[in-house]
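One file, work-v5.cif, carrying mmCIF, C-alpha atoms:
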data_run
#
loop_
_atom_site.label_atom_id
_atom_site.label_comp_id
_atom_site.auth_asym_id
_atom_site.auth_seq_id
_atom_site.Cartn_x
_atom_site.Cartn_y
_atom_site.Cartn_z
CA MET J 168 -92.64 -29.19 120.98
CA ALA J 169 -93.72 -32.71 120.05
CA ARG J 170 -90.26 -34.06 119.36
CA PRO J 171 -88.65 -33.70 122.80
CA GLN J 172 -91.79 -35.16 124.40
CA THR J 173 -91.43 -38.24 122.19
CA ASP J 174 -87.74 -38.52 123.06
CA ILE J 175 -88.57 -38.40 126.74
CA GLU J 176 -91.25 -41.04 126.33
CA ALA J 177 -88.94 -43.30 124.33
CA GLY J 178 -86.27 -42.92 127.00
CA GLN J 179 -88.76 -43.68 129.77
CA LYS J 180 -89.98 -46.76 127.91
CA LYS J 181 -86.42 -47.99 127.48
CA ILE J 182 -85.69 -47.48 131.18
CA LEU J 183 -88.85 -49.35 132.19
CA GLU J 184 -87.74 -52.28 130.01
CA ILE J 185 -84.35 -52.25 131.72
CA VAL J 186 -86.05 -52.24 135.13
CA GLU J 187 -88.16 -55.25 134.07
CA GLN J 188 -84.99 -57.06 132.98
CA LEU J 189 -83.47 -56.33 136.40
CA ILE J 190 -86.59 -57.61 138.18
CA ARG J 191 -86.61 -60.71 135.97
CA LYS J 192 -82.96 -61.37 136.83
CA ARG J 193 -82.95 -60.64 140.53
CA GLY J 194 -86.52 -60.83 141.81
CA ALA J 195 -88.23 -58.24 143.99
CA VAL J 196 -85.02 -56.66 145.26
CA GLU J 197 -84.99 -52.90 145.48
CA VAL J 198 -83.69 -51.41 142.22
CA THR J 199 -81.48 -48.33 142.52
CA LEU J 200 -81.19 -45.55 139.94
CA GLN J 201 -77.45 -46.20 139.95
CA GLU J 202 -77.94 -49.79 138.76
CA ILE J 203 -80.43 -48.71 136.14
CA ALA J 204 -77.99 -46.10 134.87
CA ARG J 205 -75.25 -48.73 134.62
CA GLU J 206 -77.49 -51.20 132.76
CA ALA J 207 -78.71 -48.45 130.42
CA ASN J 208 -75.20 -47.12 129.77
CA MET J 209 -76.36 -43.74 131.00
CA SER J 210 -74.96 -41.32 133.50
CA GLN J 211 -77.04 -41.04 136.65
CA SER J 212 -77.80 -37.40 135.88
CA ASN J 213 -79.07 -38.47 132.46
CA ILE J 214 -81.57 -40.84 134.14
CA TYR J 215 -83.03 -37.83 135.94
CA ARG J 216 -83.98 -36.37 132.56
CA PHE J 217 -86.51 -39.21 132.28
CA PHE J 218 -87.53 -39.71 135.91
CA GLU J 219 -87.05 -36.78 138.24
CA SER J 220 -87.09 -39.00 141.30
CA LYS J 221 -87.22 -42.62 142.32
CA GLU J 222 -90.85 -42.08 143.32
CA MET J 223 -91.67 -41.05 139.76
CA LEU J 224 -89.97 -44.18 138.49
CA TRP J 225 -92.10 -46.36 140.78
CA GLU J 226 -95.22 -44.54 139.66
CA ALA J 227 -94.30 -45.23 136.05
CA ILE J 228 -93.69 -48.93 136.81
CA ALA J 229 -97.12 -49.14 138.46
CA GLU J 230 -98.78 -47.26 135.59
CA ASN J 231 -97.22 -49.70 133.16
CA TRP J 232 -98.35 -52.71 135.23
CA PHE J 233 -101.90 -51.48 135.70
CA SER J 234 -102.53 -49.84 132.29
CA ASP J 235 -104.29 -52.83 130.68
CA LYS J 236 -106.40 -53.41 133.82
CA VAL J 237 -107.45 -49.74 133.85
CA LYS J 238 -108.32 -50.05 130.13
CA ILE J 239 -110.58 -53.04 130.93
CA MET J 240 -112.32 -51.13 133.72
CA GLU J 241 -112.87 -48.11 131.47
CA ASP J 242 -114.11 -50.26 128.58
CA VAL J 243 -116.53 -52.33 130.70
CA THR J 244 -117.92 -49.31 132.56
CA ALA J 245 -118.46 -47.34 129.34
CA SER J 246 -119.93 -50.31 127.42
CA ASP J 247 -123.62 -50.78 126.71
CA LEU J 248 -123.63 -54.27 128.25
CA PRO J 249 -126.48 -55.00 130.64
CA VAL J 250 -125.38 -54.13 134.17
CA GLU J 251 -125.31 -57.79 135.26
CA SER J 252 -122.74 -58.54 132.56
CA LYS J 253 -120.81 -55.39 133.38
CA LEU J 254 -120.34 -56.58 136.95
CA TYR J 255 -119.19 -59.99 135.73
CA GLU J 256 -116.89 -58.71 132.96
CA PHE J 257 -115.40 -56.12 135.32
CA PHE J 258 -113.83 -58.95 137.32
CA ALA J 259 -113.66 -61.76 134.73
CA ARG J 260 -111.61 -59.87 132.12
CA ARG J 261 -109.05 -58.67 134.64
CA PHE J 262 -108.81 -62.12 136.23
CA THR J 263 -108.27 -63.76 132.82
CA LEU J 264 -105.57 -61.23 131.95
CA MET J 265 -103.91 -61.60 135.35
CA ARG J 266 -103.86 -65.39 135.01
CA GLU J 267 -102.37 -65.17 131.51
CA ASN J 268 -99.63 -62.88 132.80
CA PHE J 269 -99.01 -65.22 135.72
CA LEU J 270 -98.81 -68.34 133.55
CA ARG J 271 -96.52 -66.65 131.01
CA GLU J 272 -93.87 -65.74 133.61
CA PRO J 273 -94.82 -66.86 137.14
CA ASP J 274 -91.60 -65.65 138.77
CA LEU J 275 -91.75 -62.20 137.17
CA PHE J 276 -95.44 -61.94 138.14
CA ARG J 277 -94.65 -62.85 141.75
CA SER J 278 -91.80 -60.34 141.85
CA TYR J 279 -94.08 -57.56 140.62
CA CYS J 280 -96.61 -58.52 143.34
CA GLU J 281 -93.90 -58.37 146.00
CA LEU J 282 -92.76 -54.98 144.71
CA GLY J 283 -96.40 -53.89 144.85
CA ASP J 284 -96.53 -54.86 148.52
CA GLN J 285 -93.35 -52.91 149.16
CA HIS J 286 -94.68 -49.83 147.36
CA TYR J 287 -98.28 -50.03 148.45
CA ASP J 288 -98.47 -46.22 148.68
CA VAL J 289 -98.31 -46.21 144.87
CA VAL J 290 -100.61 -49.23 144.38
CA ILE J 291 -103.35 -47.89 146.66
CA GLY J 292 -104.26 -45.29 144.01
CA TYR J 293 -105.15 -48.11 141.60
CA VAL J 294 -107.12 -49.96 144.27
CA ASP J 295 -109.12 -46.77 144.86
CA LEU J 296 -109.60 -46.33 141.10
CA GLY J 297 -110.96 -49.90 140.89
CA ASP J 298 -113.41 -49.13 143.71
CA HIS J 299 -114.45 -45.96 141.88
CA TYR J 300 -115.36 -47.88 138.70
CA LEU J 301 -117.04 -50.64 140.72
CA ALA J 302 -119.13 -47.99 142.51
CA MET J 303 -120.29 -46.73 139.10
CA ILE J 304 -121.45 -50.22 138.08
CA ILE J 305 -123.09 -50.79 141.46
CA SER J 306 -124.89 -47.46 141.20
CA GLU J 307 -126.22 -48.53 137.79
CA ALA J 308 -127.27 -51.89 139.28
CA MET J 309 -129.15 -50.03 142.01
CA ASP J 310 -131.04 -48.10 139.32
CA ASN J 311 -132.02 -51.54 138.00
CA GLY J 312 -133.39 -52.69 141.35
CA TYR J 313 -130.38 -54.49 142.82
CA PHE J 314 -128.76 -53.98 146.25
CA ARG J 315 -131.92 -52.47 147.68
CA GLY J 316 -131.51 -50.63 150.96
CA ILE J 317 -127.74 -50.77 151.29
CA THR J 318 -125.20 -48.03 150.61
CA ILE J 319 -122.90 -47.99 147.58
CA ASP J 320 -119.86 -48.17 149.87
CA ALA J 321 -121.25 -51.25 151.64
CA ALA J 322 -122.03 -52.92 148.31
CA VAL J 323 -118.50 -52.18 147.02
CA SER J 324 -117.03 -53.71 150.16
CA TYR J 325 -119.17 -56.89 150.04
CA VAL J 326 -118.63 -57.45 146.33
CA ASN J 327 -114.87 -57.08 146.76
CA LEU J 328 -114.88 -59.55 149.66
CA MET J 329 -116.99 -62.16 147.88
CA VAL J 330 -114.94 -62.17 144.66
CA HIS J 331 -111.64 -61.82 146.52
CA PRO J 332 -110.03 -65.02 145.18
CA TYR J 333 -110.49 -63.63 141.66
CA VAL J 334 -108.94 -60.27 142.52
CA ASN J 335 -106.05 -61.16 144.81
CA PRO J 336 -103.00 -62.05 142.68
CA ASP J 337 -101.52 -64.05 145.57
CA ASN J 338 -104.24 -66.67 145.09
CA LEU J 339 -103.07 -67.49 141.57
CA ASN J 340 -100.19 -69.42 143.09
CA GLN J 341 -102.16 -71.55 145.45
CA MET J 342 -105.43 -72.28 143.75
CA SER J 343 -105.27 -71.38 140.09
CA GLU J 344 -106.86 -74.65 138.98
CA LYS J 345 -109.75 -74.22 141.43
CA LEU J 346 -110.70 -70.85 139.93
CA PRO J 347 -112.55 -71.30 136.64
CA VAL J 348 -114.15 -68.10 135.38
CA GLU J 349 -117.42 -70.04 135.11
CA LYS J 350 -117.62 -70.10 138.93
CA LEU J 351 -117.17 -66.34 139.05
CA LYS J 352 -120.29 -66.06 136.91
CA THR J 353 -122.30 -67.93 139.53
CA ILE J 354 -120.79 -65.87 142.34
CA ILE J 355 -121.79 -62.62 140.61
CA ALA J 356 -125.31 -63.99 140.14
CA VAL J 357 -125.47 -64.98 143.83
CA ILE J 358 -124.37 -61.48 144.85
CA LEU J 359 -126.92 -59.80 142.57
CA THR J 360 -129.68 -62.09 143.82
CA GLY J 361 -128.78 -62.13 147.49
CA LEU J 362 -127.25 -58.80 148.49
CA SER J 363 -129.89 -56.41 149.79
CA ALA J 364 -131.00 -54.95 153.09
CA ASP J 365 -133.58 -57.76 153.40
CA THR J 366 -130.81 -60.32 153.28
CA GLU J 367 -128.53 -58.30 155.50
CA THR J 368 -131.04 -58.51 158.30
CA LEU J 369 -131.88 -62.19 157.74
CA LEU J 370 -129.31 -63.48 160.17
CA ASN J 371 -129.55 -60.49 162.51
CA LYS J 372 -133.31 -60.19 162.86
CA ASN J 373 -133.93 -62.84 165.46
CA LYS J 374 -130.75 -62.99 167.44
CA ALA J 375 -132.43 -64.90 170.23
CA ASP J 376 -133.80 -67.54 167.91
CA LEU J 377 -130.63 -67.87 165.93
CA HIS J 378 -128.25 -68.11 168.88
CA LEU J 379 -125.77 -66.02 166.98
CA VAL J 380 -122.58 -65.20 168.80
CA SER J 381 -121.64 -61.67 167.84
CA MET X 186 -100.53 -100.10 180.13
CA ALA X 187 -101.66 -96.54 180.84
CA ARG X 188 -98.39 -95.32 182.34
CA PRO X 189 -96.01 -95.75 179.40
CA GLN X 190 -98.63 -94.20 177.09
CA THR X 191 -98.68 -91.13 179.36
CA ASP X 192 -94.89 -90.96 179.35
CA ILE X 193 -94.87 -91.07 175.57
CA GLU X 194 -97.50 -88.35 175.39
CA ALA X 195 -95.63 -86.15 177.86
CA GLY X 196 -92.44 -86.60 175.86
CA GLN X 197 -94.22 -85.79 172.63
CA LYS X 198 -95.73 -82.68 174.16
CA LYS X 199 -92.33 -81.53 175.39
CA ILE X 200 -90.80 -82.08 171.96
CA LEU X 201 -93.61 -80.13 170.28
CA GLU X 202 -92.93 -77.23 172.64
CA ILE X 203 -89.24 -77.35 171.73
CA VAL X 204 -90.14 -77.34 168.05
CA GLU X 205 -92.32 -74.28 168.60
CA GLN X 206 -89.44 -72.54 170.37
CA LEU X 207 -87.22 -73.32 167.39
CA ILE X 208 -89.82 -71.96 164.96
CA ARG X 209 -90.24 -68.86 167.11
CA LYS X 210 -86.48 -68.31 167.11
CA ARG X 211 -85.66 -69.01 163.49
CA GLY X 212 -88.84 -68.74 161.45
CA ALA X 213 -90.08 -71.29 158.96
CA VAL X 214 -86.73 -72.94 158.41
CA GLU X 215 -86.75 -76.71 158.19
CA VAL X 216 -86.26 -78.22 161.66
CA THR X 217 -84.12 -81.37 161.86
CA LEU X 218 -84.50 -84.16 164.42
CA GLN X 219 -80.82 -83.59 165.24
CA GLU X 220 -81.48 -80.00 166.32
CA ILE X 221 -84.54 -81.00 168.31
CA ALA X 222 -82.49 -83.68 170.08
CA ARG X 223 -79.82 -81.10 170.95
CA GLU X 224 -82.36 -78.57 172.26
CA ALA X 225 -84.13 -81.29 174.27
CA ASN X 226 -80.91 -82.72 175.68
CA MET X 227 -81.83 -86.07 174.21
CA SER X 228 -79.99 -88.53 172.07
CA GLN X 229 -81.31 -88.76 168.53
CA SER X 230 -82.32 -92.38 169.09
CA ASN X 231 -84.30 -91.27 172.13
CA ILE X 232 -86.30 -88.83 169.95
CA TYR X 233 -87.40 -91.81 167.87
CA ARG X 234 -89.11 -93.24 170.94
CA PHE X 235 -91.57 -90.34 170.66
CA PHE X 236 -91.73 -89.81 166.90
CA GLU X 237 -90.85 -92.78 164.72
CA SER X 238 -90.13 -90.55 161.75
CA LYS X 239 -89.91 -86.92 160.75
CA GLU X 240 -93.24 -87.38 158.94
CA MET X 241 -94.88 -88.37 162.22
CA LEU X 242 -93.41 -85.28 163.86
CA TRP X 243 -94.92 -83.06 161.15
CA GLU X 244 -98.25 -84.81 161.55
CA ALA X 245 -98.14 -84.11 165.28
CA ILE X 246 -97.28 -80.44 164.68
CA ALA X 247 -100.25 -80.16 162.31
CA GLU X 248 -102.56 -81.99 164.74
CA ASN X 249 -101.51 -79.57 167.46
CA TRP X 250 -102.08 -76.54 165.21
CA PHE X 251 -105.48 -77.70 163.96
CA SER X 252 -106.88 -79.28 167.12
CA ASP X 253 -108.90 -76.27 168.32
CA LYS X 254 -110.22 -75.65 164.79
CA VAL X 255 -111.34 -79.27 164.53
CA LYS X 256 -113.01 -78.94 167.94
CA ILE X 257 -114.95 -75.89 166.67
CA MET X 258 -116.08 -77.75 163.55
CA GLU X 259 -117.19 -80.75 165.63
CA ASP X 260 -119.00 -78.55 168.15
CA VAL X 261 -120.83 -76.45 165.57
CA THR X 262 -121.83 -79.44 163.43
CA ALA X 263 -123.12 -81.39 166.43
CA SER X 264 -124.92 -78.39 167.99
CA ASP X 265 -128.66 -77.82 167.83
CA LEU X 266 -128.22 -74.33 166.35
CA PRO X 267 -130.46 -73.50 163.38
CA VAL X 268 -128.64 -74.40 160.18
CA GLU X 269 -128.22 -70.72 159.18
CA SER X 270 -126.29 -70.08 162.38
CA LYS X 271 -124.31 -73.28 161.99
CA LEU X 272 -123.01 -72.11 158.62
CA TYR X 273 -122.08 -68.73 160.10
CA GLU X 274 -120.50 -70.08 163.30
CA PHE X 275 -118.57 -72.70 161.33
CA PHE X 276 -116.52 -69.90 159.74
CA ALA X 277 -116.88 -67.11 162.31
CA ARG X 278 -115.51 -69.03 165.31
CA ARG X 279 -112.49 -70.31 163.43
CA PHE X 280 -111.81 -66.86 161.94
CA THR X 281 -111.99 -65.23 165.38
CA LEU X 282 -109.63 -67.84 166.82
CA MET X 283 -107.24 -67.49 163.88
CA ARG X 284 -107.15 -63.73 164.24
CA GLU X 285 -106.51 -63.98 167.98
CA ASN X 286 -103.61 -66.33 167.33
CA PHE X 287 -102.30 -64.03 164.63
CA LEU X 288 -102.50 -60.90 166.80
CA ARG X 289 -100.88 -62.65 169.77
CA GLU X 290 -97.73 -63.63 167.83
CA PRO X 291 -97.84 -62.49 164.18
CA ASP X 292 -94.37 -63.79 163.31
CA LEU X 293 -94.97 -67.22 164.81
CA PHE X 294 -98.34 -67.39 163.05
CA ARG X 295 -96.75 -66.52 159.71
CA SER X 296 -94.01 -69.10 160.24
CA TYR X 297 -96.59 -71.82 160.92
CA CYS X 298 -98.40 -70.80 157.72
CA GLU X 299 -95.19 -71.02 155.72
CA LEU X 300 -94.44 -74.43 157.22
CA GLY X 301 -97.98 -75.44 156.28
CA ASP X 302 -97.28 -74.47 152.65
CA GLN X 303 -94.07 -76.49 152.74
CA HIS X 304 -95.86 -79.53 154.19
CA TYR X 305 -99.11 -79.24 152.32
CA ASP X 306 -99.34 -83.05 152.03
CA VAL X 307 -100.04 -83.06 155.80
CA VAL X 308 -102.31 -79.98 155.77
CA ILE X 309 -104.51 -81.26 152.93
CA GLY X 310 -106.05 -83.83 155.31
CA TYR X 311 -107.39 -80.98 157.46
CA VAL X 312 -108.65 -79.07 154.42
CA ASP X 313 -110.56 -82.21 153.39
CA LEU X 314 -111.88 -82.63 156.94
CA GLY X 315 -113.16 -79.05 156.86
CA ASP X 316 -114.94 -79.75 153.57
CA HIS X 317 -116.44 -82.88 155.11
CA TYR X 318 -117.98 -80.95 158.00
CA LEU X 319 -119.09 -78.15 155.67
CA ALA X 320 -120.80 -80.74 153.45
CA MET X 321 -122.74 -81.97 156.53
CA ILE X 322 -124.00 -78.44 157.26
CA ILE X 323 -124.83 -77.84 153.59
CA SER X 324 -126.73 -81.11 153.44
CA GLU X 325 -128.77 -80.00 156.47
CA ALA X 326 -129.35 -76.62 154.79
CA MET X 327 -130.63 -78.44 151.71
CA ASP X 328 -133.12 -80.29 153.91
CA ASN X 329 -134.28 -76.82 154.97
CA GLY X 330 -134.82 -75.67 151.38
CA TYR X 331 -131.51 -73.94 150.67
CA PHE X 332 -129.18 -74.53 147.69
CA ARG X 333 -131.97 -75.96 145.55
CA GLY X 334 -130.89 -77.86 142.48
CA ILE X 335 -127.13 -77.80 142.99
CA THR X 336 -124.87 -80.59 144.22
CA ILE X 337 -123.32 -80.67 147.69
CA ASP X 338 -119.83 -80.56 146.14
CA ALA X 339 -120.71 -77.46 144.10
CA ALA X 340 -122.18 -75.76 147.18
CA VAL X 341 -119.06 -76.59 149.23
CA SER X 342 -116.88 -75.10 146.50
CA TYR X 343 -118.92 -71.88 146.14
CA VAL X 344 -119.21 -71.31 149.89
CA ASN X 345 -115.45 -71.78 150.30
CA LEU X 346 -114.75 -69.32 147.49
CA MET X 347 -117.15 -66.66 148.75
CA VAL X 348 -115.88 -66.69 152.35
CA HIS X 349 -112.25 -67.11 151.28
CA PRO X 350 -110.89 -63.94 152.96
CA TYR X 351 -112.16 -65.33 156.29
CA VAL X 352 -110.54 -68.74 155.78
CA ASN X 353 -107.20 -67.92 154.20
CA PRO X 354 -104.68 -67.10 156.96
CA ASP X 355 -102.55 -65.12 154.48
CA ASN X 356 -105.24 -62.45 154.35
CA LEU X 357 -104.86 -61.65 158.06
CA ASN X 358 -101.68 -59.80 157.22
CA GLN X 359 -103.02 -57.61 154.50
CA MET X 360 -106.56 -56.82 155.43
CA SER X 361 -107.23 -57.70 159.01
CA GLU X 362 -108.96 -54.41 159.74
CA LYS X 363 -111.23 -54.77 156.71
CA LEU X 364 -112.59 -58.10 157.94
CA PRO X 365 -115.11 -57.60 160.73
CA VAL X 366 -117.04 -60.74 161.60
CA GLU X 367 -120.22 -58.71 161.11
CA LYS X 368 -119.57 -58.67 157.36
CA LEU X 369 -119.18 -62.44 157.33
CA LYS X 370 -122.72 -62.63 158.73
CA THR X 371 -124.05 -60.72 155.72
CA ILE X 372 -122.01 -62.82 153.32
CA ILE X 373 -123.44 -66.04 154.77
CA ALA X 374 -126.94 -64.58 154.44
CA VAL X 375 -126.25 -63.60 150.81
CA ILE X 376 -125.03 -67.13 150.05
CA LEU X 377 -128.09 -68.73 151.70
CA THR X 378 -130.42 -66.38 149.84
CA GLY X 379 -128.72 -66.38 146.47
CA LEU X 380 -127.09 -69.76 145.85
CA SER X 381 -129.42 -72.09 143.98
CA ALA X 382 -129.76 -73.57 140.51
CA ASP X 383 -132.12 -70.72 139.58
CA THR X 384 -129.37 -68.23 140.30
CA GLU X 385 -126.66 -70.37 138.76
CA THR X 386 -128.38 -70.25 135.40
CA LEU X 387 -129.29 -66.57 135.59
CA LEU X 388 -126.17 -65.26 133.88
CA ASN X 389 -125.91 -68.26 131.54
CA LYS X 390 -129.47 -68.61 130.36
CA ASN X 391 -129.78 -65.80 127.86
CA LYS X 392 -126.29 -64.93 126.83
CA ALA X 393 -127.58 -62.46 124.30
CA ASP X 394 -129.78 -60.72 126.80
CA LEU X 395 -128.35 -60.99 130.24
CA HIS X 396 -130.89 -59.05 132.30
CA LEU X 397 -131.04 -60.72 135.69
CA VAL X 398 -133.79 -58.86 137.51
CA SER X 399 -136.51 -61.35 138.33
#

structure tokens encoding of this file:
Amino acid sequence: MARPQTDIEAGQKKILEIVEQLIRKRGAVEVTLQEIAREANMSQSNIYRFFESKEMLWEAIAENWFSDKVKIMEDVTASDLPVESKLYEFFARRFTLMRENFLREPDLFRSYCELGDQHYDVVIGYVDLGDHYLAMIISEAMDNGYFRGITIDAAVSYVNLMVHPYVNPDNLNQMSEKLPVEKLKTIIAVILTGLSADTETLLNKNKADLHLVS
Amino acid sequence: MARPQTDIEAGQKKILEIVEQLIRKRGAVEVTLQEIAREANMSQSNIYRFFESKEMLWEAIAENWFSDKVKIMEDVTASDLPVESKLYEFFARRFTLMRENFLREPDLFRSYCELGDQHYDVVIGYVDLGDHYLAMIISEAMDNGYFRGITIDAAVSYVNLMVHPYVNPDNLNQMSEKLPVEKLKTIIAVILTGLSADTETLLNKNKADLHLVS
């Protein structure tokens, strides 16, 4: 039983490489199974042996794109690092990887991002998975006295917002040189120090005194 | 002397409206003085009475686009609000305005953003102006005991990074519904509570043993 499985996997891998070549050549234009078949010297029905539908192809492209990021999230979450470092490494390692990929082939990187926008129904699963791992780290941080008085969901949301430039691939274009990983370290420390229910009420407590427009 | 000045200003205003119509119609395609002349029923030499060069036209377009944001920054900085509220209002009012503009005419908003990317040499002056006003508020916050031990420039940089989703117009597309102004209030409070030299060294101090809890 092992052999056919391997053949299928080898065929899928080859097709994914052909798709990347097509993306490299033409940018984020929709790729049809017909084109892939032509480039792979395969009949269209043969392609279906490897990907039963176009949706499955897109899922495989996303899995390929996200696999090393998922590996980082798994590794950091399962590590025995102190939780402060886990929170930092969780974002720093993926940012460093993302920037390397961007600098190696900026146009290909941008095309993959555009395709991600076009197929966000596939990408959203990986966004949710990232939030799941982040929630695990935040829960551990709570056990260590951080984020007192706020919910895990709220903490996930605030952390994501405050490190957004290090997560959003679109920012690599505009402000890559303004984003040293060293600054992310400070931002994580600020979040760990500052984010709690006490802080959350700081600006809300005395609305009259603070003249806050809400 | 007042009359000709007014005529020039009226002519400039009319031309800026024509430019906006062109942008609305065609998106962020480069607009030529020739086209503007045609749309305005003017000779090309007449256009030069109002804008001596294309560069001056772009500067006027940017001034028009940024004028209400500059007004907000001036108002907030000069107000007698407590410094905590100043820092919040500085970002919240501009974000609210930006989102209103975006929701009113998303395509026009996006086109202006694209034109801003294309003419970043003009936009950069407004980015610097924003940093200048932010530095004034941060300096006042320092007088009130915040941001101990770090430089004004570093504080400006960290604040900008941590509120980035509320400043970057590109994010309005992707995540408008995830960005309530209420969350910005918490983020500002986290920054005021957490950003100081003590925090900055927290993750760096003992690399071997990174426990942050104080």

Hey, could you make a per-residue contact list for chain X against chain J with 6 Å as the cut-off, showing the nearest pair of atoms and its distance in Å to one decimal, counting only C-alpha atoms, sorted by chain and number, as a Markdown table?
| residue | atom | partner | partner_atom | distance |
| --- | --- | --- | --- | --- |
| X:Met347 | CA | J:Met329 | CA | 4.6 |
| X:Thr371 | CA | J:Glu367 | CA | 5.1 |
| X:Ala374 | CA | J:Thr366 | CA | 5.9 |
| X:Val375 | CA | J:Gly361 | CA | 4.4 |
| X:Thr378 | CA | J:Gly361 | CA | 5.1 |
| X:Gly379 | CA | J:Gly361 | CA | 4.4 |
| X:Leu380 | CA | J:Val357 | CA | 5.4 |
| X:Thr384 | CA | J:Ala356 | CA | 5.9 |
| X:Glu385 | CA | J:Thr353 | CA | 5.1 |

Spatial neighbours of Gln188 in chain J, max dist 12 Å, all atoms listed in the file, sep filter under 2 positions, as a tab-separated table (two decimals) with C-alpha atoms, in the frame of the given file:
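Below is the file result07.tsv, written as the result:
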chain	number	residue	atom	x	y	z
J	181	LYS	CA	-86.42	-47.99	127.48
J	182	ILE	CA	-85.69	-47.48	131.18
J	183	LEU	CA	-88.85	-49.35	132.19
J	184	GLU	CA	-87.74	-52.28	130.01
J	185	ILE	CA	-84.35	-52.25	131.72
J	186	VAL	CA	-86.05	-52.24	135.13
J	190	ILE	CA	-86.59	-57.61	138.18
J	191	ARG	CA	-86.61	-60.71	135.97
J	192	LYS	CA	-82.96	-61.37	136.83
J	193	ARG	CA	-82.95	-60.64	140.53
J	194	GLY	CA	-86.52	-60.83	141.81
J	195	ALA	CA	-88.23	-58.24	143.99
J	198	VAL	CA	-83.69	-51.41	142.22
J	202	GLU	CA	-77.94	-49.79	138.76
J	203	ILE	CA	-80.43	-48.71	136.14
J	206	GLU	CA	-77.49	-51.20	132.76
J	207	ALA	CA	-78.71	-48.45	130.42
J	275	LEU	CA	-91.75	-62.20	137.17
J	278	SER	CA	-91.80	-60.34	141.85
J	279	TYR	CA	-94.08	-57.56	140.62

Two-atom distance - CA of Ala245 in chain J, CA of Arg266 in chain J (Å)
23.9 Å

Specify the axis-aligned box that encloses all atoms of range 227-230 of chain J listed in the file after padding of 6 Å on each side, stating its centre and edge lengths in Å to one decimal as lines of an AutoDock Vina configuration file.
center_x = -96.2
center_y = -47.2
center_z = 137.0
size_x = 17.1
size_y = 15.9
size_z = 14.9

What separation in Å, quoted to one decimal, exists between CA of Glu230 in chain J and CA of Phe217 in chain J?
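Answer for the CA of Glu230 in chain J to CA of Phe217 in chain J separation: 15.0 Å.
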
Point-to-point distance from CA of Phe258 in chain J to CA of Leu319 in chain X, Å rounded to tenths:
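CA of Phe258 in chain J sits 27.1 Å away from CA of Leu319 in chain X.
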
Near-range 231-235 of chain J list (10 Å; only C-alpha atoms; drop same-chain fewer than 3 positions) as a list in words:
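Listing them by chain and then by number gives Lys180, Leu183, Trp225, Glu226, Ala227, Ile228, Lys238, Ile239, Met240, Glu241, Arg261, Leu264, Met265, Tyr279, Gly283, Val290 and Tyr293 of chain J.
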
For the file shown, what are the residues hit by the PyMOL selection byres ((chain J and resi 294) around 12), laid out as a ChimeraX atom specification?
/J:229,233,236-237,240,283,287-293,295-301,323,327,334-335

Preceding selection exported with C-alpha atoms as a compact mmCIF listing (two decimals), in the coordinates of the input:
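Output file part-v1.txt is given in full below:
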# COMPACT_ATOMS: atom_id res chain seq x y z
CA ALA J 229 -97.12 -49.14 138.46
CA PHE J 233 -101.90 -51.48 135.70
CA LYS J 236 -106.40 -53.41 133.82
CA VAL J 237 -107.45 -49.74 133.85
CA MET J 240 -112.32 -51.13 133.72
CA GLY J 283 -96.40 -53.89 144.85
CA TYR J 287 -98.28 -50.03 148.45
CA ASP J 288 -98.47 -46.22 148.68
CA VAL J 289 -98.31 -46.21 144.87
CA VAL J 290 -100.61 -49.23 144.38
CA ILE J 291 -103.35 -47.89 146.66
CA GLY J 292 -104.26 -45.29 144.01
CA TYR J 293 -105.15 -48.11 141.60
CA ASP J 295 -109.12 -46.77 144.86
CA LEU J 296 -109.60 -46.33 141.10
CA GLY J 297 -110.96 -49.90 140.89
CA ASP J 298 -113.41 -49.13 143.71
CA HIS J 299 -114.45 -45.96 141.88
CA TYR J 300 -115.36 -47.88 138.70
CA LEU J 301 -117.04 -50.64 140.72
CA VAL J 323 -118.50 -52.18 147.02
CA ASN J 327 -114.87 -57.08 146.76
CA VAL J 334 -108.94 -60.27 142.52
CA ASN J 335 -106.05 -61.16 144.81

For Lys239 in chain X, which residue out of X:Phe275, X:His304, X:Phe287, X:Ala340 is the nearest one, using all atoms listed in the file?
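Counting all atoms listed in the file, the residue closest to Lys239 in chain X is X:His304.
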